[in-house]
$ cat run29.csv   # CSV, C-alpha atoms
chain,number,residue,atom,x,y,z
F,1,MET,CA,61.8,67.3,9.2
F,2,GLU,CA,63.7,64.2,10.2
F,3,ILE,CA,65.3,62.2,7.4
F,4,GLN,CA,63.3,58.9,7.3
F,5,SER,CA,63.7,55.4,5.9
F,6,HIS,CA,61.7,56.2,2.8
F,7,HIS,CA,63.9,59.1,2.0
F,8,ARG,CA,66.9,56.8,2.3
F,9,ALA,CA,65.2,54.3,0.0
F,10,ILE,CA,64.4,56.9,-2.7
F,11,LEU,CA,68.0,58.1,-2.6
F,12,GLY,CA,69.0,54.5,-3.1
F,13,LEU,CA,66.7,54.0,-6.1
F,14,LEU,CA,68.0,57.2,-7.6
F,15,GLN,CA,71.5,55.9,-7.4
F,16,VAL,CA,70.6,52.8,-9.5
F,17,ASP,CA,72.3,53.1,-12.8
F,18,LYS,CA,69.9,54.3,-15.6
F,19,LEU,CA,66.8,54.3,-13.3
F,20,GLY,CA,65.4,57.8,-13.9
F,21,ILE,CA,63.1,59.9,-11.7
F,22,ARG,CA,59.9,59.2,-13.6
F,23,THR,CA,60.7,55.5,-13.6
F,24,VAL,CA,61.3,55.4,-9.9
F,25,ARG,CA,58.0,57.1,-9.2
F,26,ARG,CA,56.1,54.8,-11.5
F,27,TYR,CA,57.6,51.6,-10.0
F,28,ILE,CA,56.9,52.7,-6.4
F,29,ARG,CA,53.3,53.3,-7.3
F,30,GLU,CA,52.8,50.2,-9.4
F,31,SER,CA,54.4,47.9,-6.9
F,32,GLY,CA,51.8,48.8,-4.2
F,33,VAL,CA,54.5,48.8,-1.5
F,34,ASP,CA,53.9,50.6,1.8
F,35,THR,CA,57.4,52.0,1.7
F,36,PRO,CA,59.9,52.3,-1.1
F,37,MET,CA,62.5,50.3,0.9
F,38,GLU,CA,60.4,47.2,0.2
F,39,LEU,CA,61.4,47.3,-3.5
F,40,PHE,CA,64.9,46.3,-2.6
F,41,ASP,CA,63.5,43.1,-1.0
F,42,PHE,CA,61.7,42.1,-4.2
F,43,SER,CA,63.1,39.1,-6.1
F,44,ILE,CA,64.2,39.6,-9.7
F,45,PRO,CA,61.1,37.8,-11.0
F,46,ASP,CA,58.8,39.9,-8.9
F,47,LEU,CA,60.5,43.1,-10.1
F,48,MET,CA,60.2,41.9,-13.7
F,49,ARG,CA,56.4,41.8,-13.3
F,50,LEU,CA,56.4,45.6,-13.1
F,51,ASP,CA,55.6,47.1,-16.5
F,52,GLY,CA,58.6,47.7,-18.6
F,53,LEU,CA,61.2,46.6,-16.0
F,54,GLY,CA,63.6,44.2,-17.7
F,55,LYS,CA,65.9,41.6,-16.2
F,56,LEU,CA,69.0,43.8,-16.2
F,57,MET,CA,67.3,46.7,-14.3
F,58,ALA,CA,65.6,44.2,-11.9
F,59,LYS,CA,69.0,42.7,-11.2
F,60,ARG,CA,70.5,46.2,-10.5
F,61,ILE,CA,67.7,47.0,-8.0
F,62,SER,CA,67.7,43.6,-6.3
F,63,GLN,CA,71.5,43.6,-5.9
F,64,PHE,CA,71.9,47.2,-5.0
F,65,ASP,CA,74.7,47.6,-2.5
F,66,GLU,CA,75.8,51.2,-2.5
F,67,TRP,CA,74.2,52.2,0.8
F,68,ASP,CA,77.5,53.7,2.0
F,69,LYS,CA,77.1,56.3,-0.9
F,70,VAL,CA,73.5,56.9,0.2
F,71,ASP,CA,74.4,57.4,3.8
F,72,LYS,CA,77.2,59.8,2.8
F,73,ILE,CA,74.6,62.0,1.0
F,74,ILE,CA,72.5,61.9,4.1
F,75,ARG,CA,75.4,62.9,6.3
F,76,LYS,CA,76.1,65.9,4.0
F,77,THR,CA,72.5,66.9,4.2
F,78,GLU,CA,72.4,66.8,7.9
F,79,LYS,CA,75.8,68.6,8.2
F,80,VAL,CA,74.3,71.8,6.6
F,81,GLY,CA,71.1,71.6,8.7
F,82,ALA,CA,68.9,70.6,5.7
F,83,SER,CA,66.1,68.1,5.6
F,84,LEU,CA,64.5,66.0,2.9
F,85,LEU,CA,61.0,66.1,1.5
F,86,SER,CA,59.8,63.3,-0.8
F,87,PHE,CA,57.1,63.3,-3.4
F,88,PHE,CA,55.0,61.2,-1.0
F,89,ASP,CA,55.3,63.6,2.0
F,90,PRO,CA,52.4,65.8,3.1
F,91,ASP,CA,54.3,69.1,2.7
F,92,TYR,CA,55.3,68.4,-0.9
F,93,PRO,CA,53.9,71.2,-3.1
F,94,GLU,CA,50.6,69.8,-4.4
F,95,LEU,CA,50.8,71.7,-7.7
F,96,LEU,CA,54.3,70.5,-8.4
F,97,LYS,CA,53.1,66.9,-8.0
F,98,HIS,CA,50.9,67.2,-11.1
F,99,THR,CA,53.6,68.4,-13.5
F,100,PHE,CA,55.2,66.2,-16.0
F,101,ASP,CA,58.5,65.8,-14.3
F,102,PRO,CA,58.3,66.6,-10.5
F,103,PRO,CA,61.4,65.8,-8.4
F,104,MET,CA,61.2,62.7,-6.2
F,105,LEU,CA,63.2,64.5,-3.5
F,106,LEU,CA,63.7,68.0,-2.4
F,107,TRP,CA,66.4,69.3,-0.1
F,108,ILE,CA,65.1,72.0,2.2
F,109,LEU,CA,66.6,74.7,4.4
F,110,GLY,CA,63.9,76.4,6.4
F,111,ASP,CA,60.2,75.6,7.0
F,112,SER,CA,58.7,73.0,4.7
F,113,LYS,CA,55.3,74.5,5.5
F,114,ALA,CA,56.3,77.4,3.3
F,115,LEU,CA,55.9,75.1,0.3
F,116,THR,CA,52.3,74.5,1.0
F,117,LYS,CA,51.2,78.1,0.7
F,118,PRO,CA,49.7,79.4,-2.6
F,119,GLY,CA,52.2,81.5,-4.5
F,120,ILE,CA,53.2,83.2,-7.7
F,121,ALA,CA,56.6,82.9,-9.4
F,122,VAL,CA,58.1,86.3,-9.9
F,123,VAL,CA,60.9,86.1,-12.5
F,124,GLY,CA,63.0,88.4,-14.7
F,125,THR,CA,66.5,89.3,-15.9
F,126,ARG,CA,69.6,89.2,-13.7
F,127,ASN,CA,70.5,92.7,-14.9
F,128,PRO,CA,67.3,94.8,-14.8
F,129,GLY,CA,66.9,98.5,-15.3
F,130,GLY,CA,65.4,100.9,-12.8
F,131,TYR,CA,61.9,100.3,-14.2
F,132,GLY,CA,62.3,96.5,-13.8
F,133,LEU,CA,63.5,96.8,-10.3
F,134,LYS,CA,60.7,99.1,-9.4
F,135,GLN,CA,58.1,96.8,-10.9
F,136,ALA,CA,59.6,93.7,-9.2
F,137,GLU,CA,59.2,95.4,-5.9
F,138,LEU,CA,55.8,96.9,-6.6
F,139,TRP,CA,54.2,93.6,-7.7
F,140,SER,CA,55.9,91.5,-5.1
F,141,ARG,CA,54.5,93.9,-2.5
F,142,LYS,CA,51.0,93.6,-4.0
F,143,LEU,CA,51.1,89.8,-4.1
F,144,VAL,CA,52.3,89.6,-0.5
F,145,GLU,CA,49.6,92.0,0.6
F,146,LYS,CA,47.0,89.5,-0.8
F,147,GLY,CA,48.5,86.6,1.1
F,148,LEU,CA,50.4,85.0,-1.8
F,149,SER,CA,53.9,83.5,-1.5
F,150,ILE,CA,56.7,84.7,-3.7
F,151,HIS,CA,58.6,82.0,-5.6
F,152,SER,CA,61.8,82.7,-7.5
F,153,GLY,CA,65.3,81.5,-8.1
F,154,LEU,CA,67.5,83.6,-5.8
F,155,ALA,CA,69.4,85.0,-8.8
F,156,TYR,CA,70.7,88.6,-9.1
F,157,GLY,CA,68.2,91.3,-10.2
F,158,VAL,CA,64.5,90.6,-10.3
F,159,ASP,CA,64.7,87.3,-8.4
F,160,ALA,CA,66.6,88.9,-5.5
F,161,LYS,CA,64.3,92.0,-5.4
F,162,ALA,CA,61.2,89.8,-5.3
F,163,HIS,CA,62.6,87.7,-2.4
F,164,GLN,CA,63.8,90.8,-0.5
F,165,THR,CA,60.4,92.6,-0.8
F,166,ALA,CA,58.6,89.5,0.6
F,167,VAL,CA,61.0,89.3,3.5
F,168,LYS,CA,60.8,93.0,4.2
F,169,MET,CA,57.1,92.9,4.3
F,170,GLY,CA,56.8,89.8,6.5
F,171,GLY,CA,55.5,87.6,3.7
F,172,ASN,CA,56.3,84.1,2.6
F,173,THR,CA,58.9,83.3,0.0
F,174,VAL,CA,60.6,80.2,-1.4
F,175,ALA,CA,63.8,80.2,-3.4
F,176,VAL,CA,64.7,77.4,-5.7
F,177,LEU,CA,68.4,76.7,-6.3
F,178,GLY,CA,70.1,75.3,-9.4
F,179,SER,CA,72.8,73.8,-7.2
F,180,GLY,CA,73.2,71.7,-4.1
F,181,ILE,CA,71.6,72.9,-0.8
F,182,ASP,CA,75.2,73.4,0.5
F,183,TRP,CA,76.1,75.7,-2.5
F,184,ILE,CA,74.1,78.9,-2.2
F,185,TYR,CA,74.4,80.7,-5.5
F,186,PRO,CA,75.2,83.4,-6.2
F,187,ASN,CA,77.4,83.8,-3.2
F,188,LYS,CA,76.5,87.4,-2.8
F,189,ASN,CA,72.9,86.3,-1.9
F,190,LYS,CA,73.9,84.1,1.1
F,191,LYS,CA,72.6,86.9,3.4
F,192,LEU,CA,69.4,87.0,1.5
F,193,ALA,CA,69.1,83.2,1.8
F,194,ALA,CA,69.6,83.4,5.5
F,195,ASP,CA,66.9,86.2,5.7
F,196,ILE,CA,64.4,84.0,3.8
F,197,ILE,CA,65.0,81.1,6.3
F,198,ASP,CA,64.7,83.4,9.3
F,199,SER,CA,61.5,84.9,8.0
F,200,GLY,CA,59.8,81.5,7.9
F,201,GLY,CA,60.4,80.8,4.2
F,202,ALA,CA,62.5,78.1,2.6
F,203,ILE,CA,65.4,77.4,0.2
F,204,ILE,CA,64.9,74.2,-1.8
F,205,THR,CA,66.7,72.2,-4.5
F,206,GLU,CA,66.4,68.8,-6.2
F,207,TYR,CA,70.2,68.6,-6.6
F,208,LEU,CA,72.5,66.4,-4.4
F,209,PRO,CA,74.7,68.3,-1.9
F,210,GLY,CA,77.9,69.4,-3.5
F,211,THR,CA,76.3,70.0,-7.0
F,212,LYS,CA,77.8,73.0,-8.6
F,213,PRO,CA,75.6,75.7,-10.2
F,214,ASP,CA,76.2,74.6,-13.8
F,215,ALA,CA,74.3,76.4,-16.5
F,216,GLY,CA,72.4,73.4,-17.5
F,217,ASN,CA,70.8,73.1,-14.1
F,218,PHE,CA,68.9,76.4,-14.3
F,219,PRO,CA,66.3,75.5,-16.9
F,220,GLU,CA,65.5,72.4,-14.8
F,221,ARG,CA,65.3,74.5,-11.7
F,222,ASN,CA,62.9,76.8,-13.5
F,223,ARG,CA,60.3,74.0,-14.0
F,224,ILE,CA,60.1,73.8,-10.2
F,225,VAL,CA,59.7,77.5,-9.8
F,226,SER,CA,56.8,77.6,-12.2
F,227,GLY,CA,55.4,74.1,-11.4
F,228,MET,CA,54.8,74.9,-7.7
F,229,SER,CA,53.2,78.2,-8.5
F,230,HIS,CA,49.6,79.2,-9.5
F,231,GLY,CA,51.1,81.5,-12.1
F,232,THR,CA,54.4,83.0,-13.3
F,233,MET,CA,54.8,86.8,-13.5
F,234,VAL,CA,57.5,87.9,-15.9
F,235,VAL,CA,58.7,91.3,-14.7
F,236,GLU,CA,61.4,92.1,-17.2
F,237,SER,CA,63.0,90.0,-19.9
F,238,GLY,CA,64.6,90.2,-23.3
F,239,ILE,CA,63.5,88.0,-26.1
F,240,LYS,CA,65.9,85.3,-24.9
F,241,GLY,CA,66.8,84.2,-21.4
F,242,GLY,CA,65.8,82.2,-18.4
F,243,SER,CA,62.6,84.1,-17.8
F,244,MET,CA,61.2,83.3,-21.2
F,245,ILE,CA,62.1,79.6,-20.6
F,246,THR,CA,60.2,79.8,-17.3
F,247,ALA,CA,57.2,81.3,-19.1
F,248,ARG,CA,57.1,78.5,-21.6
F,249,LEU,CA,57.4,75.9,-18.9
F,250,ALA,CA,54.5,77.5,-17.1
F,251,LEU,CA,52.4,77.3,-20.2
F,252,ASP,CA,53.4,73.7,-20.7
F,253,GLN,CA,52.3,73.0,-17.1
F,254,ASN,CA,48.9,74.6,-17.7
F,255,ARG,CA,49.8,77.6,-15.5
F,256,GLU,CA,48.9,81.2,-16.0
F,257,VAL,CA,51.6,83.6,-17.3
F,258,PHE,CA,51.3,87.2,-16.2
F,259,VAL,CA,53.3,89.9,-17.9
F,260,ILE,CA,54.3,93.4,-16.9
F,261,PRO,CA,54.2,95.7,-20.0
F,262,HIS,CA,57.3,97.7,-21.0
F,263,PRO,CA,57.9,101.0,-23.0
F,264,LEU,CA,58.3,100.4,-26.7
F,265,GLY,CA,61.9,100.2,-27.8
F,266,TYR,CA,63.2,99.3,-24.3
F,267,ILE,CA,65.3,96.3,-25.2
F,268,LYS,CA,65.3,94.7,-21.7
F,269,GLY,CA,61.5,94.5,-21.9
F,270,GLU,CA,61.1,93.2,-25.5
F,271,GLY,CA,60.4,89.6,-24.2
F,272,ASN,CA,57.5,90.9,-22.1
F,273,ASN,CA,55.9,92.8,-24.9
F,274,TYR,CA,56.4,89.7,-27.2
F,275,LEU,CA,54.6,87.5,-24.7
F,276,ILE,CA,51.6,89.9,-24.6
F,277,ARG,CA,51.6,90.5,-28.4
F,278,THR,CA,51.6,86.7,-29.1
F,279,GLY,CA,48.9,85.9,-26.5
F,280,GLN,CA,51.3,83.8,-24.5
F,281,GLY,CA,51.0,86.0,-21.4
F,282,LYS,CA,48.3,88.1,-19.9
F,283,LEU,CA,48.8,91.9,-19.5
F,284,VAL,CA,48.9,92.9,-15.9
F,285,GLN,CA,47.7,96.4,-14.9
F,286,THR,CA,46.1,95.7,-11.5
F,287,ILE,CA,46.4,93.0,-8.9
F,288,GLU,CA,42.9,91.9,-9.7
F,289,ASN,CA,44.2,90.8,-13.2
F,290,VAL,CA,46.2,88.2,-11.3
F,291,LEU,CA,43.7,87.3,-8.6
F,292,ASN,CA,40.8,86.8,-11.0
F,293,GLU,CA,42.8,84.1,-12.9
F,294,ILE,CA,44.1,81.9,-10.1
F,295,SER,CA,41.1,81.4,-7.9
F,296,VAL,CA,42.8,80.6,-4.6
F,297,GLU,CA,41.8,81.5,-1.0
F,298,THR,CA,44.4,83.6,0.8
F,299,GLU,CA,44.5,85.7,3.9
F,300,VAL,CA,45.4,89.4,3.7
F,301,VAL,CA,48.8,89.9,5.3
F,302,LYS,CA,49.5,92.6,7.7
F,303,THR,CA,52.8,93.8,6.4
F,304,THR,CA,55.8,95.0,8.3
F,305,GLU,CA,57.4,97.1,5.6
F,306,PRO,CA,59.2,100.2,6.9
F,307,PRO,CA,58.6,103.6,5.2
F,308,PRO,CA,60.4,103.7,1.8
F,309,GLU,CA,63.6,105.7,1.5
F,310,LYS,CA,64.4,107.8,-1.5
F,311,ASN,CA,67.7,106.1,-2.3
F,312,GLN,CA,66.6,103.7,-5.1
F,313,TRP,CA,68.7,105.5,-7.6
F,314,LYS,CA,71.9,104.5,-5.7
F,315,GLU,CA,71.3,100.9,-6.6
F,316,MET,CA,71.3,101.7,-10.3
F,317,GLU,CA,74.1,101.9,-12.8
F,318,LEU,CA,74.0,105.6,-13.7
F,319,ASP,CA,76.4,107.8,-15.6
F,320,GLU,CA,78.0,110.8,-13.9
F,321,GLU,CA,75.5,113.3,-15.3
F,322,SER,CA,72.5,111.2,-14.1
F,323,THR,CA,74.0,110.7,-10.7
F,324,GLN,CA,74.6,114.4,-10.3
F,325,ILE,CA,70.9,115.1,-11.1
F,326,CYS,CA,69.8,112.6,-8.5
F,327,GLU,CA,72.1,114.2,-5.9
F,328,MET,CA,70.5,117.6,-6.7
F,329,LEU,CA,67.1,116.2,-5.8
F,330,LEU,CA,68.2,114.7,-2.5
F,331,GLU,CA,66.8,117.6,-0.4
F,332,GLU,CA,63.6,118.6,-2.3
F,333,PRO,CA,61.9,118.6,-5.6
F,334,LEU,CA,63.3,121.0,-8.2
F,335,HIS,CA,61.8,122.8,-11.2
F,336,ILE,CA,63.2,122.0,-14.6
F,337,ASP,CA,64.6,125.6,-14.8
F,338,GLU,CA,66.4,125.2,-11.4
F,339,LEU,CA,67.9,121.9,-12.5
F,340,SER,CA,69.0,123.6,-15.8
F,341,GLU,CA,70.7,126.4,-13.9
F,342,VAL,CA,72.5,124.2,-11.4
F,343,ALA,CA,73.5,121.7,-14.0
F,344,GLN,CA,74.5,124.5,-16.4
F,345,LYS,CA,72.8,122.8,-19.2
F,346,PRO,CA,69.9,124.0,-21.5
F,347,THR,CA,66.5,122.5,-20.7
F,348,HIS,CA,66.2,120.9,-24.2
F,349,LYS,CA,69.4,119.0,-23.6
F,350,LEU,CA,68.5,118.1,-20.0
F,351,MET,CA,65.0,116.7,-20.8
F,352,PRO,CA,66.3,113.5,-22.4
F,353,VAL,CA,68.4,112.7,-19.3
F,354,LEU,CA,65.4,113.3,-17.1
F,355,LEU,CA,63.2,111.2,-19.3
F,356,ASP,CA,65.8,108.3,-19.1
F,357,LEU,CA,65.8,108.6,-15.3
F,358,GLU,CA,62.0,108.5,-15.2
F,359,MET,CA,62.0,105.4,-17.3
F,360,LYS,CA,64.5,103.7,-14.9
F,361,GLY,CA,62.4,104.6,-11.9
F,362,ALA,CA,64.9,106.9,-10.4
F,363,ILE,CA,62.9,110.1,-10.5
F,364,LYS,CA,59.3,111.2,-11.3
F,365,GLN,CA,57.8,114.4,-12.7
F,366,LYS,CA,55.2,116.3,-10.7
F,367,ALA,CA,52.8,118.9,-11.9
F,368,GLY,CA,54.4,122.1,-13.1
F,369,LYS,CA,57.6,120.4,-14.4
F,370,TYR,CA,58.9,119.7,-10.9
F,371,PHE,CA,61.1,116.6,-10.5
F,372,GLU,CA,61.7,114.5,-7.4
F,373,LEU,CA,63.4,111.2,-6.4
F,374,CYS,CA,61.2,108.1,-6.4
$ encode --input "run29.csv" --output "structure tokens"
Amino acid sequence: MEIQSHHRAILGLLQVDKLGIRTVRRYIRESGVDTPMELFDFSIPDLMRLDGLGKLMAKRISQFDEWDKVDKIIRKTEKVGASLLSFFDPDYPELLKHTFDPPMLLWILGDSKALTKPGIAVVGTRNPGGYGLKQAELWSRKLVEKGLSIHSGLAYGVDAKAHQTAVKMGGNTVAVLGSGIDWIYPNKNKKLAADIIDSGGAIITEYLPGTKPDAGNFPERNRIVSGMSHGTMVVESGIKGGSMITARLALDQNREVFVIPHPLGYIKGEGNNYLIRTGQGKLVQTIENVLNEISVETEVVKTTEPPPEKNQWKEMELDEESTQICEMLLEEPLHIDELSEVAQKPTHKLMPVLLDLEMKGAIKQKAGKYFELC
């Protein structure tokens, strides 16, 4: 999308000292202008006729002369191959428009049409266990199969797994940054960001080029993730963290919150069980639990996912004993007695280790006390 004069005008208005996003949007609407650039041609008395616009602010708008600064931002945007999408453009996410504090401008790498497709936010901890990773992949796959886009924050852990699954299956996914469009964070996910763009998805942000990924940016980022989505799915979260913030934002935005249940006592999933117990989130057991709540029309996607490989355990942080058990199961499923013999460990001491691996999603138990890799 080509950067147009109204993008430049909005950038200019956003540079006016103490003129916030909500105020800019309100004044553009109230003034009745065809293009935001016309506001800079208003006289001070005309500007003061706008509700709540005092003489000092009217003077700042009328006498604005920092267009060099605006053009420098535009040059930085173009240098990284990004485009701008304003609140008034056709591809701006419709759901996001109706939230309390939608961005006036979004920087985009990729296809802006990706923002118009109905989607679900998939969020969770940056440091999930095997169960969390497995659930992130499972539910992202189910959502993509039903034609829904995956929205998340490109962070480590659940976010990355959700985006990766959508890309792998040929689905649509949008990643929202808490930094400038020229600052992909975390750096390790640059390849994933490129894959998202190549697959027809998009990377977006409300932050100016050059903005660092400061901690305070991420709660603001999360309101976009939830606001552009029909619902937010919390895959794995402790009692505190960004995912719980996103869930609360979704509720504030009148969005559905869907929650994956976790085993009792599993600390990384306590936030999920808390959301269910307090009625803030809806228990998800089947994909219909999601589809019945959001009422959107989608087209079933013919996925391009390759056959799964039994190497999921290699991505987990396992101790030496757990790693050895997984290596024993590389060739074929083994009976508990065979594992006990090879590991030279009594079955009653081996069972807790196997149970832990099951909980993490590394192995599964078959009939007859046989175990195999997931």
$ residues_near_point --input "run29.csv" --point "(66.6, 52.8, -5.0)" --cutoff "10 Å" --atoms "all atoms listed in the file" --output "count of residues only"
28
$ residues_around --input "run29.csv" --residues "F:Gln312" --least-positions-apart "5" --cutoff "10 Å" --atoms "only C-alpha atoms" --output "PyMOL selection string"
chain F and resi 130+133-134+361-363+373-374
$ write_last_selection --input "run29.csv" --atoms "C-alpha atoms" --output "compact mmCIF listing (two decimals), keeping the file's coordinate frame"
# COMPACT_ATOMS: atom_id res chain seq x y z
CA GLY F 130 65.40 100.90 -12.80
CA LEU F 133 63.50 96.80 -10.30
CA LYS F 134 60.70 99.10 -9.40
CA GLY F 361 62.40 104.60 -11.90
CA ALA F 362 64.90 106.90 -10.40
CA ILE F 363 62.90 110.10 -10.50
CA LEU F 373 63.40 111.20 -6.40
CA CYS F 374 61.20 108.10 -6.40
$ closest_residue --input "run29.csv" --among "F:Gln324, F:Leu208, F:Arg29, F:Arg22" --to "F:Arg75" --atoms "only C-alpha atoms"
F:Leu208
$ closest_residue --input "run29.csv" --among "F:Asp195, F:Glu327, F:Glu317, F:Glu206" --to "F:Asn222" --atoms "only C-alpha atoms"
F:Glu206
$ closest_residue --input "run29.csv" --among "F:Ile44, F:Ile204, F:Ile239, F:Ile73" --to "F:Tyr92" --atoms "only C-alpha atoms"
F:Ile204
$ axis_aligned_box --input "run29.csv" --around "stretch 132-135 of chain F" --padding-each-side "5 Å" --output "lines of an AutoDock Vina configuration file"
center_x = 60.8
center_y = 97.8
center_z = -11.6
size_x = 15.4
size_y = 12.6
size_z = 14.4
$ atom_distance --input "run29.csv" --atom1 "atom CA of F:Lys76" --atom2 "atom CA of F:Tyr156"
26.8 Å
$ closest_residue --input "run29.csv" --among "F:Arg49, F:Lys97, F:Lys191, F:Lys55" --to "F:Ile224" --atoms "only C-alpha atoms"
F:Lys97
$ closest_residue --input "run29.csv" --among "F:Leu85, F:Ala247, F:Ile184, F:Leu105" --to "F:Ser229" --atoms "all atoms listed in the file"
F:Ala247
$ closest_residue --input "run29.csv" --among "F:Pro263, F:Pro45, F:Gly216, F:Gly153" --to "F:Ala58" --atoms "all atoms listed in the file"
F:Pro45
$ atom_distance --input "run29.csv" --atom1 "atom CA of F:Ile267" --atom2 "atom CA of F:Lys282"
19.6 Å
$ residues_around --input "run29.csv" --residues "stretch 78-80 of chain F" --least-positions-apart "4" --cutoff "12 Å" --atoms "only C-alpha atoms" --output "PyMOL selection string"
chain F and resi 1-3+71-74+84+107-110+180-184+209-210
$ atom_distance --input "run29.csv" --atom1 "atom CA of F:Gly227" --atom2 "atom CA of F:Leu50"
28.6 Å
$ residues_near_point --input "run29.csv" --point "(53.3, 69.8, -4.5)" --cutoff "12 Å" --atoms "only C-alpha atoms" --output "PyMOL selection string"
chain F and resi 85-99+101-106+112-119+224-230
$ residues_around --input "run29.csv" --residues "F:Gln135" --least-positions-apart "3" --cutoff "9 Å" --atoms "only C-alpha atoms" --output "VMD selection string"
chain F and resid 130 to 132 138 to 140 158 235 to 236 260 361
$ write_last_selection --input "run29.csv" --atoms "C-alpha atoms" --output "PDB file, in the frame of the given file"
ATOM      1  CA  GLY F 130      65.400 100.900 -12.800  1.00  0.00           C
ATOM      2  CA  TYR F 131      61.900 100.300 -14.200  1.00  0.00           C
ATOM      3  CA  GLY F 132      62.300  96.500 -13.800  1.00  0.00           C
ATOM      4  CA  LEU F 138      55.800  96.900  -6.600  1.00  0.00           C
ATOM      5  CA  TRP F 139      54.200  93.600  -7.700  1.00  0.00           C
ATOM      6  CA  SER F 140      55.900  91.500  -5.100  1.00  0.00           C
ATOM      7  CA  VAL F 158      64.500  90.600 -10.300  1.00  0.00           C
ATOM      8  CA  VAL F 235      58.700  91.300 -14.700  1.00  0.00           C
ATOM      9  CA  GLU F 236      61.400  92.100 -17.200  1.00  0.00           C
ATOM     10  CA  ILE F 260      54.300  93.400 -16.900  1.00  0.00           C
ATOM     11  CA  GLY F 361      62.400 104.600 -11.900  1.00  0.00           C
TER      12      GLY F 361
END
$ residues_around --input "run29.csv" --residues "F:Ser237" --least-positions-apart "2" --cutoff "7 Å" --atoms "all atoms listed in the file" --output "list of chain:residue names"
F:Gly124, F:Thr125, F:Val235, F:Ile239, F:Ser243, F:Lys268, F:Gly269, F:Glu270, F:Gly271, F:Asn272
$ decode --input "run29.csv" --residues "stretch 94-110 of chain F" --atoms "N, CA and C atoms" --output "tab-separated table (two decimals), in the first residue's frame"
chain	number	residue	atom	x	y	z
F	94	GLU	N	-11.77	-4.15	11.20
F	94	GLU	CA	-13.06	-3.58	11.61
F	94	GLU	C	-13.31	-3.71	13.10
F	95	LEU	N	-12.98	-4.87	13.66
F	95	LEU	CA	-13.20	-5.06	15.10
F	95	LEU	C	-12.34	-4.10	15.91
F	96	LEU	N	-11.12	-3.87	15.47
F	96	LEU	CA	-10.21	-2.98	16.21
F	96	LEU	C	-10.75	-1.55	16.24
F	97	LYS	N	-11.43	-1.14	15.18
F	97	LYS	CA	-12.01	0.21	15.12
F	97	LYS	C	-12.94	0.49	16.28
F	98	HIS	N	-13.61	-0.54	16.76
F	98	HIS	CA	-14.66	-0.35	17.75
F	98	HIS	C	-14.19	-0.58	19.19
F	99	THR	N	-12.86	-0.62	19.38
F	99	THR	CA	-12.32	-0.70	20.73
F	99	THR	C	-12.13	0.71	21.27
F	100	PHE	N	-11.82	0.79	22.55
F	100	PHE	CA	-11.73	2.09	23.22
F	100	PHE	C	-10.58	2.94	22.69
F	101	ASP	N	-9.46	2.31	22.37
F	101	ASP	CA	-8.26	3.07	22.04
F	101	ASP	C	-7.54	2.49	20.81
F	102	PRO	N	-8.19	2.45	19.65
F	102	PRO	CA	-7.53	1.88	18.47
F	102	PRO	C	-6.42	2.79	17.95
F	103	PRO	N	-5.34	2.22	17.41
F	103	PRO	CA	-4.27	3.05	16.84
F	103	PRO	C	-4.78	3.85	15.63
F	104	MET	N	-4.26	5.05	15.48
F	104	MET	CA	-4.60	5.85	14.30
F	104	MET	C	-3.86	5.35	13.07
F	105	LEU	N	-2.64	4.83	13.29
F	105	LEU	CA	-1.82	4.33	12.20
F	105	LEU	C	-1.22	2.98	12.57
F	106	LEU	N	-1.15	2.11	11.59
F	106	LEU	CA	-0.44	0.84	11.75
F	106	LEU	C	0.64	0.75	10.67
F	107	TRP	N	1.83	0.34	11.09
F	107	TRP	CA	2.89	0.04	10.13
F	107	TRP	C	2.77	-1.44	9.78
F	108	ILE	N	2.94	-1.78	8.50
F	108	ILE	CA	2.71	-3.15	8.04
F	108	ILE	C	3.85	-3.65	7.16
F	109	LEU	N	4.28	-4.86	7.44
F	109	LEU	CA	5.10	-5.65	6.52
F	109	LEU	C	4.25	-6.83	6.10
F	110	GLY	N	4.06	-7.01	4.82
F	110	GLY	CA	3.21	-8.09	4.35
F	110	GLY	C	1.95	-7.58	3.69
